[in-house]
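Chemist: Please find model_21.pdb (PDB, C-alpha atoms) on the next line:
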```
ATOM      1  CA  MET A  73     188.617  16.545 193.949
ATOM      2  CA  THR A  74     192.319  16.383 193.102
ATOM      3  CA  PRO A  75     193.947  13.048 192.286
ATOM      4  CA  ALA A  76     196.093  13.395 195.406
ATOM      5  CA  ARG A  77     192.976  13.849 197.489
ATOM      6  CA  SER A  78     191.133  10.863 196.080
ATOM      7  CA  LEU A  79     194.207   8.773 196.766
ATOM      8  CA  THR A  80     194.215   9.955 200.360
ATOM      9  CA  LEU A  81     190.541   9.137 200.646
ATOM     10  CA  ALA A  82     191.036   5.680 199.215
ATOM     11  CA  ALA A  83     193.810   5.089 201.722
ATOM     12  CA  LEU A  84     191.529   6.156 204.541
ATOM     13  CA  LEU A  85     188.709   3.919 203.398
ATOM     14  CA  ALA A  86     191.129   1.012 203.160
ATOM     15  CA  THR A  87     192.176   1.490 206.765
ATOM     16  CA  GLY A  88     188.545   1.756 207.834
ATOM     17  CA  LEU A  89     188.197   3.141 211.329
ATOM     18  CA  ALA A  90     191.606   4.776 211.165
ATOM     19  CA  ALA A  91     189.815   7.641 209.435
ATOM     20  CA  SER A  92     188.761   9.009 212.800
ATOM     21  CA  ILE A  93     192.362   9.663 213.858
ATOM     22  CA  ALA A  94     194.664  12.238 212.266
ATOM     23  CA  PRO A  95     195.634  10.994 208.788
ATOM     24  CA  ALA A  96     193.550  13.674 207.034
ATOM     25  CA  HIS A  97     196.229  16.004 208.285
ATOM     26  CA  ALA A  98     198.984  13.885 206.802
ATOM     27  CA  GLY A  99     197.125  14.017 203.471
ATOM     28  CA  ASP A 100     197.054  17.800 203.685
ATOM     29  CA  ALA A 101     200.816  17.927 204.219
ATOM     30  CA  ALA A 102     201.379  15.677 201.187
ATOM     31  CA  ASP A 103     199.063  17.759 199.011
ATOM     32  CA  ARG A 104     200.824  20.936 200.113
ATOM     33  CA  GLN A 105     204.242  19.442 199.446
ATOM     34  CA  ALA A 106     203.144  18.427 195.947
ATOM     35  CA  ILE A 107     202.193  22.041 195.235
ATOM     36  CA  LEU A 108     205.537  23.260 196.604
ATOM     37  CA  ASP A 109     207.425  20.691 194.496
ATOM     38  CA  GLY A 110     205.637  21.933 191.394
ATOM     39  CA  LEU A 111     206.509  25.539 192.229
ATOM     40  CA  ALA A 112     210.146  24.584 192.873
ATOM     41  CA  ALA A 113     210.399  22.937 189.449
ATOM     42  CA  GLU A 114     208.877  26.048 187.887
ATOM     43  CA  ALA A 115     211.266  28.344 189.789
ATOM     44  CA  ARG A 116     214.278  26.259 188.775
ATOM     45  CA  ALA A 117     213.207  26.398 185.137
ATOM     46  CA  ALA A 118     212.958  30.188 185.384
ATOM     47  CA  ASP A 119     216.280  30.576 187.199
ATOM     48  CA  PRO A 120     218.898  27.792 187.272
ATOM     49  CA  ALA A 121     220.398  29.418 190.392
ATOM     50  CA  PHE A 122     217.166  28.738 192.341
ATOM     51  CA  ALA A 123     218.172  27.781 195.888
ATOM     52  CA  GLY A 124     214.896  26.848 197.584
ATOM     53  CA  PHE A 125     212.114  28.762 199.274
ATOM     54  CA  ALA A 126     212.528  31.032 202.310
ATOM     55  CA  ALA A 127     209.959  31.998 204.936
ATOM     56  CA  ASP A 128     211.489  35.455 205.536
ATOM     57  CA  ARG A 129     211.075  36.423 201.887
ATOM     58  CA  GLY A 130     207.505  35.132 202.084
ATOM     59  CA  GLU A 131     206.893  37.343 205.103
ATOM     60  CA  THR A 132     208.233  40.367 203.208
ATOM     61  CA  LEU A 133     205.905  39.617 200.304
ATOM     62  CA  PHE A 134     203.031  39.357 202.770
ATOM     63  CA  ARG A 135     203.734  42.589 204.690
ATOM     64  CA  THR A 136     205.065  44.946 201.990
ATOM     65  CA  GLN A 137     202.831  47.844 200.918
ATOM     66  CA  TRP A 138     203.117  47.220 197.180
ATOM     67  CA  ALA A 139     200.265  49.506 196.117
ATOM     68  CA  GLY A 140     200.706  48.220 192.573
ATOM     69  CA  GLY A 141     197.176  47.064 191.863
ATOM     70  CA  ASP A 142     193.772  48.001 193.260
ATOM     71  CA  ASP A 143     193.548  51.116 195.498
ATOM     72  CA  ARG A 144     191.564  49.141 198.061
ATOM     73  CA  THR A 145     194.284  46.511 198.465
ATOM     74  CA  PRO A 146     197.839  47.907 198.707
ATOM     75  CA  ALA A 147     199.102  44.808 200.596
ATOM     76  CA  CYS A 148     198.188  41.188 201.252
ATOM     77  CA  THR A 149     197.437  42.320 204.791
ATOM     78  CA  ALA A 150     194.561  44.530 203.542
ATOM     79  CA  CYS A 151     192.437  41.363 203.461
ATOM     80  CA  HIS A 152     194.459  38.742 205.354
ATOM     81  CA  THR A 153     195.363  41.173 208.241
ATOM     82  CA  GLU A 154     198.791  41.624 209.848
ATOM     83  CA  ASN A 155     198.283  38.389 211.777
ATOM     84  CA  PRO A 156     198.074  35.267 209.570
ATOM     85  CA  ARG A 157     196.451  33.351 212.430
ATOM     86  CA  ALA A 158     193.550  35.807 212.676
ATOM     87  CA  MET A 159     190.329  35.963 210.665
ATOM     88  CA  GLY A 160     190.620  38.312 207.706
ATOM     89  CA  ARG A 161     188.086  40.321 205.750
ATOM     90  CA  ASN A 162     187.848  41.044 202.031
ATOM     91  CA  ALA A 163     188.594  44.776 201.749
ATOM     92  CA  LYS A 164     186.447  45.067 198.608
ATOM     93  CA  THR A 165     183.366  43.074 199.547
ATOM     94  CA  GLY A 166     183.494  42.797 203.356
ATOM     95  CA  ARG A 167     183.232  39.007 203.339
ATOM     96  CA  PRO A 168     185.129  37.298 206.213
ATOM     97  CA  ILE A 169     188.205  35.187 205.286
ATOM     98  CA  GLU A 170     189.480  32.234 207.339
ATOM     99  CA  PRO A 171     193.014  32.550 208.776
ATOM    100  CA  VAL A 172     195.781  31.891 206.230
ATOM    101  CA  ALA A 173     198.295  30.292 208.617
ATOM    102  CA  VAL A 174     198.515  26.532 208.253
ATOM    103  CA  SER A 175     198.504  26.132 212.059
ATOM    104  CA  ALA A 176     195.113  27.854 212.206
ATOM    105  CA  LYS A 177     193.643  26.127 209.148
ATOM    106  CA  PRO A 178     195.411  22.848 208.356
ATOM    107  CA  ASP A 179     193.962  22.441 204.849
ATOM    108  CA  ARG A 180     195.547  25.672 203.606
ATOM    109  CA  PHE A 181     197.419  25.417 200.245
ATOM    110  CA  THR A 182     196.224  21.880 199.488
ATOM    111  CA  ASP A 183     194.012  22.391 196.414
ATOM    112  CA  PRO A 184     196.212  23.283 193.393
ATOM    113  CA  ASP A 185     193.377  24.938 191.436
ATOM    114  CA  GLU A 186     192.344  27.087 194.375
ATOM    115  CA  VAL A 187     195.949  28.068 195.110
ATOM    116  CA  ALA A 188     196.605  28.987 191.462
ATOM    117  CA  LYS A 189     193.364  30.963 191.205
ATOM    118  CA  GLN A 190     193.957  32.978 194.377
ATOM    119  CA  PHE A 191     197.584  33.770 193.595
ATOM    120  CA  ARG A 192     196.507  35.033 190.184
ATOM    121  CA  ARG A 193     193.726  37.191 191.628
ATOM    122  CA  ASP A 194     195.465  38.414 194.769
ATOM    123  CA  CYS A 195     198.882  39.215 193.246
ATOM    124  CA  GLU A 196     197.117  41.133 190.477
ATOM    125  CA  ALA A 197     195.102  43.089 193.090
ATOM    126  CA  VAL A 198     198.130  43.904 195.262
ATOM    127  CA  LEU A 199     201.231  43.986 193.025
ATOM    128  CA  GLY A 200     199.485  44.650 189.722
ATOM    129  CA  ARG A 201     201.198  41.610 188.204
ATOM    130  CA  HIS A 202     201.432  37.858 188.601
ATOM    131  CA  CYS A 203     203.627  36.486 191.371
ATOM    132  CA  THR A 204     206.628  34.393 190.358
ATOM    133  CA  ALA A 205     206.946  30.736 191.324
ATOM    134  CA  GLN A 206     209.707  31.806 193.732
ATOM    135  CA  GLU A 207     207.356  34.294 195.431
ATOM    136  CA  LYS A 208     204.519  31.786 195.643
ATOM    137  CA  GLY A 209     206.740  29.135 197.223
ATOM    138  CA  ASP A 210     208.196  31.660 199.668
ATOM    139  CA  TYR A 211     204.681  32.740 200.661
ATOM    140  CA  ILE A 212     203.457  29.195 201.299
ATOM    141  CA  THR A 213     206.665  28.409 203.216
ATOM    142  CA  PHE A 214     206.085  31.441 205.459
ATOM    143  CA  MET A 215     202.459  30.440 206.135
ATOM    144  CA  MET A 216     203.514  26.858 206.966
ATOM    145  CA  GLY A 217     205.595  28.225 209.835
ATOM    146  CA  GLN A 218     202.828  30.448 211.152
TER     147      GLN A 218
ATOM    148  CA  MET B  22     186.092  56.908 192.784
ATOM    149  CA  MET B  23     183.337  56.937 190.148
ATOM    150  CA  THR B  24     184.057  54.470 187.363
ATOM    151  CA  PRO B  25     182.246  54.945 184.026
ATOM    152  CA  MET B  26     180.433  51.676 184.611
ATOM    153  CA  ILE B  27     178.997  52.895 187.908
ATOM    154  CA  ARG B  28     177.914  56.187 186.403
ATOM    155  CA  ALA B  29     176.080  54.290 183.681
ATOM    156  CA  THR B  30     174.343  52.304 186.394
ATOM    157  CA  ALA B  31     173.131  55.394 188.202
ATOM    158  CA  ALA B  32     171.843  56.872 184.946
ATOM    159  CA  SER B  33     169.784  53.794 184.235
ATOM    160  CA  LEU B  34     167.760  54.161 187.424
ATOM    161  CA  LEU B  35     164.897  56.580 187.773
ATOM    162  CA  LEU B  36     165.276  59.389 190.230
ATOM    163  CA  ALA B  37     163.496  58.657 193.473
ATOM    164  CA  GLY B  38     161.282  61.729 193.219
ATOM    165  CA  SER B  39     159.965  60.966 189.759
ATOM    166  CA  MET B  40     158.029  57.924 190.852
ATOM    167  CA  ALA B  41     154.604  57.516 192.438
ATOM    168  CA  VAL B  42     154.511  56.711 196.151
ATOM    169  CA  ALA B  43     155.477  53.105 196.854
ATOM    170  CA  ALA B  44     152.750  50.559 197.470
ATOM    171  CA  PRO B  45     152.175  49.634 201.120
ATOM    172  CA  ALA B  46     154.712  47.105 202.408
ATOM    173  CA  LEU B  47     153.570  43.488 202.352
ATOM    174  CA  ALA B  48     154.980  40.556 204.292
ATOM    175  CA  GLU B  49     156.615  39.252 201.101
ATOM    176  CA  ASP B  50     158.589  42.488 200.875
ATOM    177  CA  ASP B  51     161.395  40.994 202.931
ATOM    178  CA  TRP B  52     161.879  37.757 200.937
ATOM    179  CA  ILE B  53     163.196  37.085 197.449
ATOM    180  CA  PRO B  54     163.699  33.650 195.819
ATOM    181  CA  PRO B  55     167.232  32.480 196.789
ATOM    182  CA  VAL B  56     169.889  31.244 194.368
ATOM    183  CA  THR B  57     169.207  27.567 193.649
ATOM    184  CA  ASP B  58     171.829  26.898 190.972
ATOM    185  CA  ALA B  59     174.963  25.268 192.392
ATOM    186  CA  LEU B  60     177.435  26.694 189.874
ATOM    187  CA  THR B  61     176.097  30.229 190.310
ATOM    188  CA  GLN B  62     176.257  29.775 194.067
ATOM    189  CA  THR B  63     179.902  28.683 193.903
ATOM    190  CA  GLU B  64     181.316  31.025 191.273
ATOM    191  CA  CYS B  65     179.293  34.145 192.043
ATOM    192  CA  GLY B  66     179.520  33.456 195.776
ATOM    193  CA  ASP B  67     183.313  33.383 195.774
ATOM    194  CA  CYS B  68     184.115  37.026 196.616
ATOM    195  CA  HIS B  69     180.727  38.097 197.990
ATOM    196  CA  MET B  70     177.368  36.492 198.635
ATOM    197  CA  ALA B  71     175.773  35.244 195.398
ATOM    198  CA  PHE B  72     173.170  37.967 194.901
ATOM    199  CA  GLN B  73     169.607  36.891 194.090
ATOM    200  CA  PRO B  74     168.780  37.280 190.379
ATOM    201  CA  GLY B  75     165.454  38.989 191.226
ATOM    202  CA  PHE B  76     167.193  42.229 192.227
ATOM    203  CA  LEU B  77     168.166  43.071 188.614
ATOM    204  CA  PRO B  78     166.455  42.756 185.223
ATOM    205  CA  ALA B  79     167.620  40.133 182.690
ATOM    206  CA  ARG B  80     169.436  42.680 180.518
ATOM    207  CA  SER B  81     171.553  43.689 183.522
ATOM    208  CA  TRP B  82     172.668  40.122 184.128
ATOM    209  CA  ASP B  83     173.472  39.831 180.429
ATOM    210  CA  ALA B  84     175.616  42.968 180.620
ATOM    211  CA  MET B  85     177.317  41.727 183.778
ATOM    212  CA  MET B  86     178.157  38.361 182.235
ATOM    213  CA  ASP B  87     179.563  40.214 179.202
ATOM    214  CA  GLY B  88     181.873  42.285 181.400
ATOM    215  CA  LEU B  89     183.376  39.824 183.888
ATOM    216  CA  ALA B  90     186.933  40.731 182.852
ATOM    217  CA  ASP B  91     186.410  44.089 184.569
ATOM    218  CA  HIS B  92     183.851  43.312 187.239
ATOM    219  CA  PHE B  93     183.872  46.330 189.574
ATOM    220  CA  GLY B  94     187.648  46.404 189.199
ATOM    221  CA  ASP B  95     188.075  42.622 189.638
ATOM    222  CA  ASP B  96     188.748  39.968 187.048
ATOM    223  CA  ALA B  97     185.880  37.506 187.533
ATOM    224  CA  THR B  98     186.323  35.721 184.208
ATOM    225  CA  LEU B  99     184.908  32.196 183.884
ATOM    226  CA  SER B 100     185.177  29.539 181.187
ATOM    227  CA  PRO B 101     182.784  30.095 178.247
ATOM    228  CA  ALA B 102     180.709  27.060 179.298
ATOM    229  CA  ASP B 103     180.347  28.269 182.916
ATOM    230  CA  THR B 104     179.573  31.800 181.731
ATOM    231  CA  ALA B 105     176.798  30.505 179.478
ATOM    232  CA  HIS B 106     175.340  28.326 182.232
ATOM    233  CA  ILE B 107     175.282  31.119 184.820
ATOM    234  CA  ARG B 108     173.961  33.647 182.299
ATOM    235  CA  ALA B 109     171.051  31.331 181.481
ATOM    236  CA  TYR B 110     170.215  30.843 185.156
ATOM    237  CA  LEU B 111     170.412  34.523 186.119
ATOM    238  CA  THR B 112     168.406  35.793 183.140
ATOM    239  CA  ALA B 113     165.698  33.114 183.527
ATOM    240  CA  ASN B 114     165.215  34.152 187.151
ATOM    241  CA  ALA B 115     165.688  37.902 186.750
ATOM    242  CA  GLY B 116     163.432  40.424 188.455
ATOM    243  CA  ASP B 117     161.569  41.291 185.245
ATOM    244  CA  VAL B 118     161.083  37.619 184.328
ATOM    245  CA  ARG B 119     160.031  35.937 187.569
ATOM    246  CA  GLY B 120     158.836  38.885 189.608
ATOM    247  CA  SER B 121     158.369  38.147 193.284
ATOM    248  CA  GLU B 122     156.880  40.912 195.439
ATOM    249  CA  LEU B 123     160.301  42.241 196.449
ATOM    250  CA  ALA B 124     161.727  41.928 192.931
ATOM    251  CA  ARG B 125     158.810  43.950 191.545
ATOM    252  CA  ASP B 126     159.507  46.568 194.181
ATOM    253  CA  TYR B 127     163.047  46.927 192.785
ATOM    254  CA  MET B 128     162.066  46.650 189.102
ATOM    255  CA  ARG B 129     159.691  49.589 189.419
ATOM    256  CA  TRP B 130     162.681  51.918 189.737
ATOM    257  CA  VAL B 131     164.531  50.703 186.665
ATOM    258  CA  ARG B 132     164.095  52.650 183.408
ATOM    259  CA  PRO B 133     162.645  50.602 180.535
ATOM    260  CA  ASP B 134     165.985  50.958 178.735
ATOM    261  CA  GLY B 135     168.137  51.073 181.878
ATOM    262  CA  VAL B 136     170.866  48.512 182.555
ATOM    263  CA  PRO B 137     171.827  48.936 186.224
ATOM    264  CA  LEU B 138     174.703  46.799 187.473
ATOM    265  CA  ARG B 139     174.333  47.638 191.154
ATOM    266  CA  ILE B 140     171.503  46.547 193.412
ATOM    267  CA  THR B 141     172.743  49.010 196.002
ATOM    268  CA  GLU B 142     172.052  52.053 193.792
ATOM    269  CA  ASN B 143     168.405  51.185 193.262
ATOM    270  CA  PRO B 144     166.179  53.803 194.966
ATOM    271  CA  ALA B 145     164.309  50.948 196.686
ATOM    272  CA  PHE B 146     167.610  49.947 198.305
ATOM    273  CA  LEU B 147     168.618  53.515 199.119
ATOM    274  CA  ARG B 148     165.233  54.181 200.738
ATOM    275  CA  GLU B 149     165.476  51.083 202.938
ATOM    276  CA  HIS B 150     169.097  51.856 203.880
ATOM    277  CA  ASP B 151     169.103  55.543 204.692
ATOM    278  CA  PHE B 152     171.389  55.157 207.723
ATOM    279  CA  ARG B 153     173.685  57.477 209.622
ATOM    280  CA  PRO B 154     177.330  57.334 208.408
ATOM    281  CA  GLU B 155     178.366  55.507 211.616
ATOM    282  CA  VAL B 156     176.395  52.472 210.476
ATOM    283  CA  TRP B 157     178.252  52.257 207.149
ATOM    284  CA  ASP B 158     181.576  52.921 208.918
ATOM    285  CA  ARG B 159     181.272  49.812 211.109
ATOM    286  CA  PRO B 160     184.378  47.722 210.342
ATOM    287  CA  GLU B 161     182.414  44.573 209.498
ATOM    288  CA  VAL B 162     180.304  46.358 206.867
ATOM    289  CA  VAL B 163     182.985  47.692 204.417
ATOM    290  CA  THR B 164     180.457  48.232 201.585
ATOM    291  CA  PRO B 165     176.646  48.434 201.225
ATOM    292  CA  SER B 166     176.738  45.321 199.025
ATOM    293  CA  ASN B 167     177.859  43.258 202.044
ATOM    294  CA  CYS B 168     174.258  42.210 202.779
ATOM    295  CA  LEU B 169     175.407  39.434 205.127
ATOM    296  CA  ALA B 170     176.953  41.910 207.564
ATOM    297  CA  CYS B 171     173.436  43.002 208.551
ATOM    298  CA  HIS B 172     171.065  40.317 207.199
ATOM    299  CA  ARG B 173     172.148  37.000 208.664
ATOM    300  CA  ASP B 174     169.815  35.000 206.387
ATOM    301  CA  ALA B 175     170.477  36.992 203.226
ATOM    302  CA  GLU B 176     171.738  33.920 201.378
ATOM    303  CA  ARG B 177     168.321  32.318 201.915
ATOM    304  CA  GLY B 178     166.716  35.396 200.410
ATOM    305  CA  SER B 179     165.454  36.658 203.764
ATOM    306  CA  TYR B 180     165.915  40.367 204.505
ATOM    307  CA  GLU B 181     163.586  40.870 207.448
ATOM    308  CA  ASP B 182     164.855  43.582 209.744
ATOM    309  CA  ASP B 183     166.385  41.996 212.838
TER     310      ASP B 183
END
```
What is this file in C-alpha cells?
Modeler:
Amino acid sequence: MTPARSLTLAALLATGLAASIAPAHAGDAADRQAILDGLAAEARAADPAFAGFAADRGETLFRTQWAGGDDRTPACTACHTENPRAMGRNAKTGRPIEPVAVSAKPDRFTDPDEVAKQFRRDCEAVLGRHCTAQEKGDYITFMMGQ
Amino acid sequence: MMTPMIRATAASLLLAGSMAVAAPALAEDDWIPPVTDALTQTECGDCHMAFQPGFLPARSWDAMMDGLADHFGDDATLSPADTAHIRAYLTANAGDVRGSELARDYMRWVRPDGVPLRITENPAFLREHDFRPEVWDRPEVVTPSNCLACHRDAERGSYEDD
C-alpha cells in the first residue's frame, strides 16, 4: 500500500458512508498525478527544455514497431493490442491482460512500484532499453485520454 | 529458436521410448498440490500462472532461482531475500521431495542427474498433450505452458480433462 493510498483510505473512513460513492476514483486520479509529477521532475532534470507530456507522442511510442528487444514483442501492441480499451494477452505466456486505457480500468498507473516495474520490463522487451521519463509520461498521458 | 538453456532441458529428460510402460492412470493423476506460499504465488504468478513445485525436482528449482536474470528470455530478478524465500518453498515442495501421484508420474521421466527447466518438455506432458497443430494455434493458447487456457482450475492444481 502506497502512502498516497493509505491517505485516501483514511479519508474515506473518516467520511464513513461516503465510501460507497465515487471518491475511490478521485484517489486514483491523485495517485496518477503524483506519478506524472515525479516523471515531469525527472524529465526536467534530464532536459531543462522539457515542455510537458504529449498524448500524440505517447501514442507513437505505443504503436511503433520498435523490434529492439525480444522477437516475440516488437511493439507494445504485441501484448496490449492495437486498442487500449480492449483486453490484451501476453505474447510470451498467453496470460490475459486487462485493458490499459484509464477509461476502461480506472486504477491504471496508480501504484508507483507497479508502474516502474512494468516500464522497466516492457520497454526492455520492446525497445531493448529503458524508456526515458519523457516517454513514460507521454505514454501515461496518452492512456489517460483513451 | 532453441536457446542453450532449452537444449539442456531436453537433454536432461529421458527419451520416451527408453522407459517402461506407464502405470495405469489413477484418479489422483489429475491433481497436484497447489502453490500455498503467498510470495511465490505473487512473484511467480506475475507473467504466467505460478506453476506447482511438484512438476520439477528440487535441483531444477534451484537452477531456475539461480538464473532469474535470464528466465526464458525475461528478466525475472527478485531481491535476494525474496529469492531465498521462494527457493526454500519450491525446493521443499518439489516433485522428488513431496511426491504426489502426479508429481511421481513426471519425476519418473527425469534423469537422476537431469536438471529440466520446462514442465512442458517432460515426456509425461508430451504424451498427455499430443494434439493436432490447430489446437496449439488457437489464439488464446500462445504456448503449451499456458495451462490456464485449457485447464480452468489449473491454479488449484486440478488438471482433469474438461
Chemist: Quick one: pull the distance between atom CA of Leu77 of chain B and atom CA of Arg125 of chain B, Å, one decimal.
Modeler: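 Distance between the two atoms: 9.8 Å.
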Chemist: Give as number ranges by chain each residue that has an atom at most 12 Å from (196.1, 46.6, 201.8) in the file, counting only C-alpha atoms.
Modeler: A: 134-154, 160-164, 194-195, 197-199
Chemist: Do you have, as JSON lines, the list of residues of chain B lying at most 8 Å from chain A, each with its nearest atom pair and that distance in Å to one decimal, counting only C-alpha atoms and ordered by chain then number?
Modeler:
```
{"residue": "B:Cys68", "atom": "CA", "partner": "A:Thr165", "partner_atom": "CA", "distance": 6.8}
{"residue": "B:His69", "atom": "CA", "partner": "A:Thr165", "partner_atom": "CA", "distance": 5.8}
{"residue": "B:Met70", "atom": "CA", "partner": "A:Arg167", "partner_atom": "CA", "distance": 7.9}
{"residue": "B:Gly94", "atom": "CA", "partner": "A:Asp142", "partner_atom": "CA", "distance": 7.5}
{"residue": "B:Asp95", "atom": "CA", "partner": "A:Ala197", "partner_atom": "CA", "distance": 7.8}
{"residue": "B:Asp96", "atom": "CA", "partner": "A:Arg193", "partner_atom": "CA", "distance": 7.3}
{"residue": "B:Glu161", "atom": "CA", "partner": "A:Gly166", "partner_atom": "CA", "distance": 6.5}
{"residue": "B:Val162", "atom": "CA", "partner": "A:Gly166", "partner_atom": "CA", "distance": 5.9}
{"residue": "B:Val163", "atom": "CA", "partner": "A:Gly166", "partner_atom": "CA", "distance": 5.0}
{"residue": "B:Thr164", "atom": "CA", "partner": "A:Thr165", "partner_atom": "CA", "distance": 6.3}
{"residue": "B:Ser166", "atom": "CA", "partner": "A:Thr165", "partner_atom": "CA", "distance": 7.0}
{"residue": "B:Asn167", "atom": "CA", "partner": "A:Gly166", "partner_atom": "CA", "distance": 5.8}
{"residue": "B:Ala170", "atom": "CA", "partner": "A:Gly166", "partner_atom": "CA", "distance": 7.8}
```
Chemist: Just to be explicit: take each residue in the selection above, keep C-alpha atoms, and write the result as a compact mmCIF listing (two decimals), in the coordinates of the input.
Modeler:
```txt
# COMPACT_ATOMS: atom_id res chain seq x y z
CA CYS B 68 184.12 37.03 196.62
CA HIS B 69 180.73 38.10 197.99
CA MET B 70 177.37 36.49 198.64
CA GLY B 94 187.65 46.40 189.20
CA ASP B 95 188.08 42.62 189.64
CA ASP B 96 188.75 39.97 187.05
CA GLU B 161 182.41 44.57 209.50
CA VAL B 162 180.30 46.36 206.87
CA VAL B 163 182.98 47.69 204.42
CA THR B 164 180.46 48.23 201.58
CA SER B 166 176.74 45.32 199.02
CA ASN B 167 177.86 43.26 202.04
CA ALA B 170 176.95 41.91 207.56
```
Chemist: One decimal, in Å: what's the spacing between atom CA of Pro133 of chain B and atom CA of Ala79 of chain B?
Modeler: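 Atom CA of Ala79 of chain B lies 11.8 Å from atom CA of Pro133 of chain B.
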Chemist: Could you name the residues that touch Ala102 of chain B at 12 Å or less, counting all atoms listed in the file, but leaving out those on the same chain fewer than 5 positions away, as a PyMOL selection string?
Modeler: chain B and resi 60+86+107-109
Chemist: Out of B:Ala175, B:Phe76, B:Trp157, B:Val118, which residue has the shortest atom-to-atom distance to Ala145 of chain B when counting all atoms listed in the file?
Modeler: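 Using all atoms listed in the file, Ala145 of chain B sits closest to B:Phe76.
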Chemist: What are the centre and the three edge lengths of an axis-aligned box that wraps all atoms of segment 137-143 of chain A in the file, given that 5 Å is added to every side, written as lines of an AutoDock Vina configuration file and rounded to one decimal in Å?
Modeler:
```
center_x = 198.3
center_y = 49.1
center_z = 196.4
size_x = 19.6
size_y = 14.1
size_z = 19.1
```
Chemist: Find the spatial neighbours of segment 179-186 of chain A, counting all atoms listed in the file, within a cut-off of 8 Å - ignore same-chain residues fewer than 3 positions away - and output them as a list in words.
Modeler: Thr74, His97, Asp100, Ala101, Asp103, Arg104, Ile107, Val172, Ala173, Val174, Lys189, Gln190 and Ile212 of chain A
Chemist: Expressed in Å to a single decimal, how great is the separation between atom CA of Gly116 of chain B and atom CA of Thr63 of chain B?
Modeler: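 Those two atoms sit 20.9 Å apart.
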Chemist: Can you spell out as a list of chain:residue names the set of residues that the PyMOL selection byres ((chain A and resi 208) around 10) selects in the structure I just provided?
Modeler: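 With the shown file as input, the PyMOL selection byres ((chain A and resi 208) around 10) matches A:Leu108, A:Leu111, A:Ala112, A:Ala115, A:Phe125, A:Gly130, A:Leu133, A:Val187, A:Ala188, A:Phe191, A:Cys195, A:His202, A:Cys203, A:Thr204, A:Ala205, A:Gln206, A:Glu207, A:Gly209, A:Asp210, A:Tyr211, A:Ile212, A:Thr213, A:Phe214.
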Chemist: Would you be able to write out as a PyMOL selection string which residues have an atom within 10 Å of (167.2, 31.8, 200.9) in the file's coordinates, counting only C-alpha atoms?
Modeler: chain B and resi 52-57+73+174-180
Chemist: Complete the atom set of segment 152-156 of chain B to all heavy atoms and return it as a PDB file, in the frame of the given file.
Modeler:
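This is the output file selection_34.pdb:
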```pdb
ATOM      1  N   PHE B 152     170.844  55.196 206.358  1.00  0.00           N
ATOM      2  CA  PHE B 152     171.389  55.157 207.723  1.00  0.00           C
ATOM      3  C   PHE B 152     172.362  56.294 207.972  1.00  0.00           C
ATOM      4  O   PHE B 152     172.909  56.886 207.047  1.00  0.00           O
ATOM      5  CB  PHE B 152     172.136  53.833 207.983  1.00  0.00           C
ATOM      6  CG  PHE B 152     171.332  52.609 207.678  1.00  0.00           C
ATOM      7  CD1 PHE B 152     171.937  51.495 207.098  1.00  0.00           C
ATOM      8  CD2 PHE B 152     169.967  52.557 207.955  1.00  0.00           C
ATOM      9  CE1 PHE B 152     171.197  50.355 206.811  1.00  0.00           C
ATOM     10  CE2 PHE B 152     169.228  51.420 207.670  1.00  0.00           C
ATOM     11  CZ  PHE B 152     169.842  50.312 207.093  1.00  0.00           C
ATOM     12  N   ARG B 153     172.633  56.535 209.247  1.00  0.00           N
ATOM     13  CA  ARG B 153     173.685  57.477 209.622  1.00  0.00           C
ATOM     14  C   ARG B 153     175.036  56.916 209.167  1.00  0.00           C
ATOM     15  O   ARG B 153     175.213  55.697 209.085  1.00  0.00           O
ATOM     16  CB  ARG B 153     173.713  57.656 211.150  1.00  0.00           C
ATOM     17  CG  ARG B 153     172.559  58.498 211.694  1.00  0.00           C
ATOM     18  CD  ARG B 153     172.419  58.321 213.195  1.00  0.00           C
ATOM     19  NE  ARG B 153     171.895  56.988 213.532  1.00  0.00           N
ATOM     20  CZ  ARG B 153     172.537  56.053 214.213  1.00  0.00           C
ATOM     21  NH1 ARG B 153     173.744  56.287 214.672  1.00  0.00           N
ATOM     22  NH2 ARG B 153     171.980  54.892 214.458  1.00  0.00           N
ATOM     23  N   PRO B 154     176.019  57.796 208.890  1.00  0.00           N
ATOM     24  CA  PRO B 154     177.330  57.334 208.408  1.00  0.00           C
ATOM     25  C   PRO B 154     177.989  56.328 209.357  1.00  0.00           C
ATOM     26  O   PRO B 154     178.686  55.417 208.893  1.00  0.00           O
ATOM     27  CB  PRO B 154     178.167  58.620 208.347  1.00  0.00           C
ATOM     28  CG  PRO B 154     177.172  59.735 208.278  1.00  0.00           C
ATOM     29  CD  PRO B 154     175.917  59.252 208.938  1.00  0.00           C
ATOM     30  N   GLU B 155     177.735  56.433 210.659  1.00  0.00           N
ATOM     31  CA  GLU B 155     178.366  55.507 211.616  1.00  0.00           C
ATOM     32  C   GLU B 155     178.015  54.063 211.285  1.00  0.00           C
ATOM     33  O   GLU B 155     178.805  53.152 211.528  1.00  0.00           O
ATOM     34  CB  GLU B 155     177.925  55.777 213.069  1.00  0.00           C
ATOM     35  CG  GLU B 155     178.203  57.166 213.581  1.00  0.00           C
ATOM     36  CD  GLU B 155     177.009  58.082 213.347  1.00  0.00           C
ATOM     37  OE1 GLU B 155     176.987  58.691 212.246  1.00  0.00           O
ATOM     38  OE2 GLU B 155     176.132  58.175 214.200  1.00  0.00           O
ATOM     39  N   VAL B 156     176.808  53.848 210.776  1.00  0.00           N
ATOM     40  CA  VAL B 156     176.395  52.472 210.476  1.00  0.00           C
ATOM     41  C   VAL B 156     177.250  51.916 209.342  1.00  0.00           C
ATOM     42  O   VAL B 156     177.781  50.801 209.419  1.00  0.00           O
ATOM     43  CB  VAL B 156     174.900  52.433 210.091  1.00  0.00           C
ATOM     44  CG1 VAL B 156     174.489  51.037 209.652  1.00  0.00           C
ATOM     45  CG2 VAL B 156     174.036  52.909 211.257  1.00  0.00           C
TER      46      VAL B 156
END
```
